[in-house]
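Everything on this sheet refers to the single structure shown next.
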Amino acid sequence: MEDDYKYSYRVLKPLAEAGEVLAQYNLGVMYYKGDGVPQDNTEAVNWFRKAAEQGYTDAQHNLGVIYGNGEGVPQDYAEAVKWWQKAAEQGDANAQFNLGVVYGKGEEIPQNYTEAVKWYRKAADQGFPLAQYILGSMYALGRGVPQDYVLAHMWYNLAALGAPPSDTNERSATVNYSEAVINRDRVASLMTPSQIAEAQRMAQEWKPKIDPLSIS
């Protein structure tokens, strides 16, 4: 496996230096993980930035994560948001979710529930279970949107359908089935039978929306 990585590096390096965006991105991943090269966050940032500046969404998202965590660069949430914004506007669901988190928490940038809902919805519309779960909570609590138990029930239901019954290491699955069901049923206790039926119908008819800008 190590020899494979070293071979990949020899192939990718001249392509990346010539400006090939996917090669730049993959070099960034290799340096970030230490695959076939010494782990080096500074080099990872260098290659991710080159790919990100060419509009490559995965590189933009990763650069946002690196700035948010302060890995190889000074921690800079404004810079993280800048790169997540670029990726999110191209339809990257992970970046959309991250923007929802930072606007919802309001710890690194001014809190803005309306903006948080906007980005959670974009990720949720693509079938991102944790975004669907949090969007359900936003509707249940009336944060950034008018309180709406029907929509809260629908999003909790969709999150339950998309989440596995046990935790995994996948970010999009970190809300498990039981959490989503518990919150869905809690909201249901505040609803009329006709409202529950409407929420169930909406969940059954829901289809993911893929941003055409995310299709390459």
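To be explicit about the labels: the chains of the structure tokens are called A, B, and onward in the order shown, and within each one the residues are counted from 1, while ligands get numbers from 1 in the order they are shown.
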
| query | Quick one: residues within 6 Å of Asp40 in chain A, only C-alpha atoms counted, chain neighbours fewer than 2 positions away excluded, as a list in words? | reply | Tyr31, Thr42 and Glu43 of chain A

Same residues, N, CA and C atoms, output as a PDB file, in the first residue's frame:
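Listing of again10.pdb after writing:
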```
ATOM      1  N   TYR A  31      -1.065  14.772   1.759  1.00  0.00           N
ATOM      2  CA  TYR A  31      -0.317  15.492   2.799  1.00  0.00           C
ATOM      3  C   TYR A  31      -1.121  15.602   4.085  1.00  0.00           C
ATOM      4  N   THR A  42       0.675  22.162   6.386  1.00  0.00           N
ATOM      5  CA  THR A  42       1.001  23.345   5.593  1.00  0.00           C
ATOM      6  C   THR A  42       0.971  23.020   4.105  1.00  0.00           C
ATOM      7  N   GLU A  43       1.557  21.873   3.728  1.00  0.00           N
ATOM      8  CA  GLU A  43       1.519  21.439   2.330  1.00  0.00           C
ATOM      9  C   GLU A  43       0.088  21.097   1.908  1.00  0.00           C
TER      10      GLU A  43
END
```

| For Gln85 in chain A, which of A:Pro146, A:Gly55, A:Gly34, A:Pro193 is the closest residue, counting only C-alpha atoms? |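 Residue with the minimum atom-to-atom distance to Gln85 in chain A: A:Gly55.
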
| query | Neighbours of Ala131 in chain A within 12 Å (only C-alpha atoms; same-chain residues fewer than 4 positions away dropped), as a ChimeraX atom specification? | reply | /A:93-101,104,116-127,135-138,155-156,158-160,162-163,171-175,180

| request: Using only C-alpha atoms, determine which residues lie at most 12 Å from Met202 in chain A, disregarding the query and same-chain residues fewer than 3 positions distant; provide the list as a PyMOL selection string. | output: chain A and resi 150-158+195-199+205-207

| note | Min atom-atom distance to Asn26 in chain A from the set A:Ala51, A:Lys6, A:Gly64, A:Asp148, counting only C-alpha atoms, belongs to A:Ala51

| DSSP helix (DSSP H, G or I) selection over range 93-202 of chain A, as an NGL selection string | :A and (93-105 or 113-125 or 129-141 or 149-162 or 171-173 or 177-188 or 193-202)

| With distances taken over only C-alpha atoms, which of A:Asn41, A:Trp84, A:Ile210, A:Ser8 is nearest to Gly70 in chain A? |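 Going through A:Asn41, A:Trp84, A:Ile210, A:Ser8 one by one, the smallest distance to Gly70 in chain A is for A:Asn41.
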
| message | Env of Lys86 in chain A: 10 Å cut, atoms = only C-alpha atoms, seq-sep filter 2 positions within chain, self excluded. Answer as a VMD selection string. | response | chain A and resid 52 to 53 55 to 57 60 to 61 64 81 to 84 88 to 92 95 to 96

Just want the 12 Å neighbourhood of Glu71 in chain A, counted on only C-alpha atoms, with same-chain residues fewer than 3 positions away dropped. Output as a PDB file with C-alpha atoms, in the first residue's frame.
```pdb
ATOM      1  CA  TYR A  32      -3.270  15.926   5.158  1.00  0.00           C
ATOM      2  CA  GLN A  39       2.042  14.350   7.207  1.00  0.00           C
ATOM      3  CA  ASP A  40       2.198  18.103   6.598  1.00  0.00           C
ATOM      4  CA  ASN A  41      -0.800  20.383   7.128  1.00  0.00           C
ATOM      5  CA  THR A  42       1.001  23.345   5.593  1.00  0.00           C
ATOM      6  CA  GLU A  43       1.519  21.439   2.330  1.00  0.00           C
ATOM      7  CA  ALA A  44      -2.070  20.167   2.518  1.00  0.00           C
ATOM      8  CA  VAL A  45      -3.321  23.753   2.756  1.00  0.00           C
ATOM      9  CA  ASN A  62     -11.646  20.868   3.274  1.00  0.00           C
ATOM     10  CA  LEU A  63      -9.938  24.246   3.355  1.00  0.00           C
ATOM     11  CA  GLY A  64     -12.854  25.541   5.420  1.00  0.00           C
ATOM     12  CA  VAL A  65     -12.433  22.648   7.858  1.00  0.00           C
ATOM     13  CA  ILE A  66      -8.697  23.282   8.166  1.00  0.00           C
ATOM     14  CA  TYR A  67      -9.212  26.995   8.882  1.00  0.00           C
ATOM     15  CA  GLY A  68     -12.023  26.191  11.308  1.00  0.00           C
ATOM     16  CA  PRO A  74      -3.977  30.136  12.301  1.00  0.00           C
ATOM     17  CA  GLN A  75      -7.566  29.365  13.283  1.00  0.00           C
ATOM     18  CA  ASP A  76      -9.758  31.744  11.299  1.00  0.00           C
ATOM     19  CA  ALA A  80     -13.528  28.959   7.058  1.00  0.00           C
TER      20      ALA A  80
END
```

| Leaving out range 107-114 of chain A and any residue of its chain fewer than 3 positions from it, which residues lie within 8 Å of it when counting only C-alpha atoms, given as a ChimeraX atom specification? | /A:77-78,102-104,117-118,143-145

Save out the residues we just selected, C-alpha atoms, as a PDB file, in the first residue's frame.
```pdb
ATOM      1  CA  TYR A  77     -13.529  31.230  11.274  1.00  0.00           C
ATOM      2  CA  ALA A  78     -14.137  34.044   8.816  1.00  0.00           C
ATOM      3  CA  VAL A 102     -21.794  28.118  12.550  1.00  0.00           C
ATOM      4  CA  TYR A 103     -24.766  30.439  11.954  1.00  0.00           C
ATOM      5  CA  GLY A 104     -26.911  28.458  14.380  1.00  0.00           C
ATOM      6  CA  VAL A 117     -32.166  27.440   8.437  1.00  0.00           C
ATOM      7  CA  LYS A 118     -31.362  28.460   4.869  1.00  0.00           C
ATOM      8  CA  ARG A 143     -36.008  29.230  15.390  1.00  0.00           C
ATOM      9  CA  GLY A 144     -35.410  31.097  12.143  1.00  0.00           C
ATOM     10  CA  VAL A 145     -38.829  29.961  10.883  1.00  0.00           C
TER      11      VAL A 145
END
```

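Nearest-residue note for Glu20 in chain A: choosing from A:Arg184, A:Lys50, A:Lys33, A:Lys209, the minimum distance belongs to A:Lys50, counting only C-alpha atoms.
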
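Among A:Asn46, A:Pro129, A:Ile182, A:Ser189, the residue with the shortest atom-to-atom distance to Tyr149 in chain A, counting only C-alpha atoms, is A:Ser189.
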
| field | Computed interatomic separation between CA of Lys105 in chain A and CA of Ala203 in chain A (Å) | value |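 Separation between CA of Lys105 in chain A and CA of Ala203 in chain A: 27.4 Å.
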
| message | For a test of reading the model, state the distance in Å between CA of Ala23 in chain A and CA of Phe128 in chain A, rounded to one decimal. | response | 27.8 Å
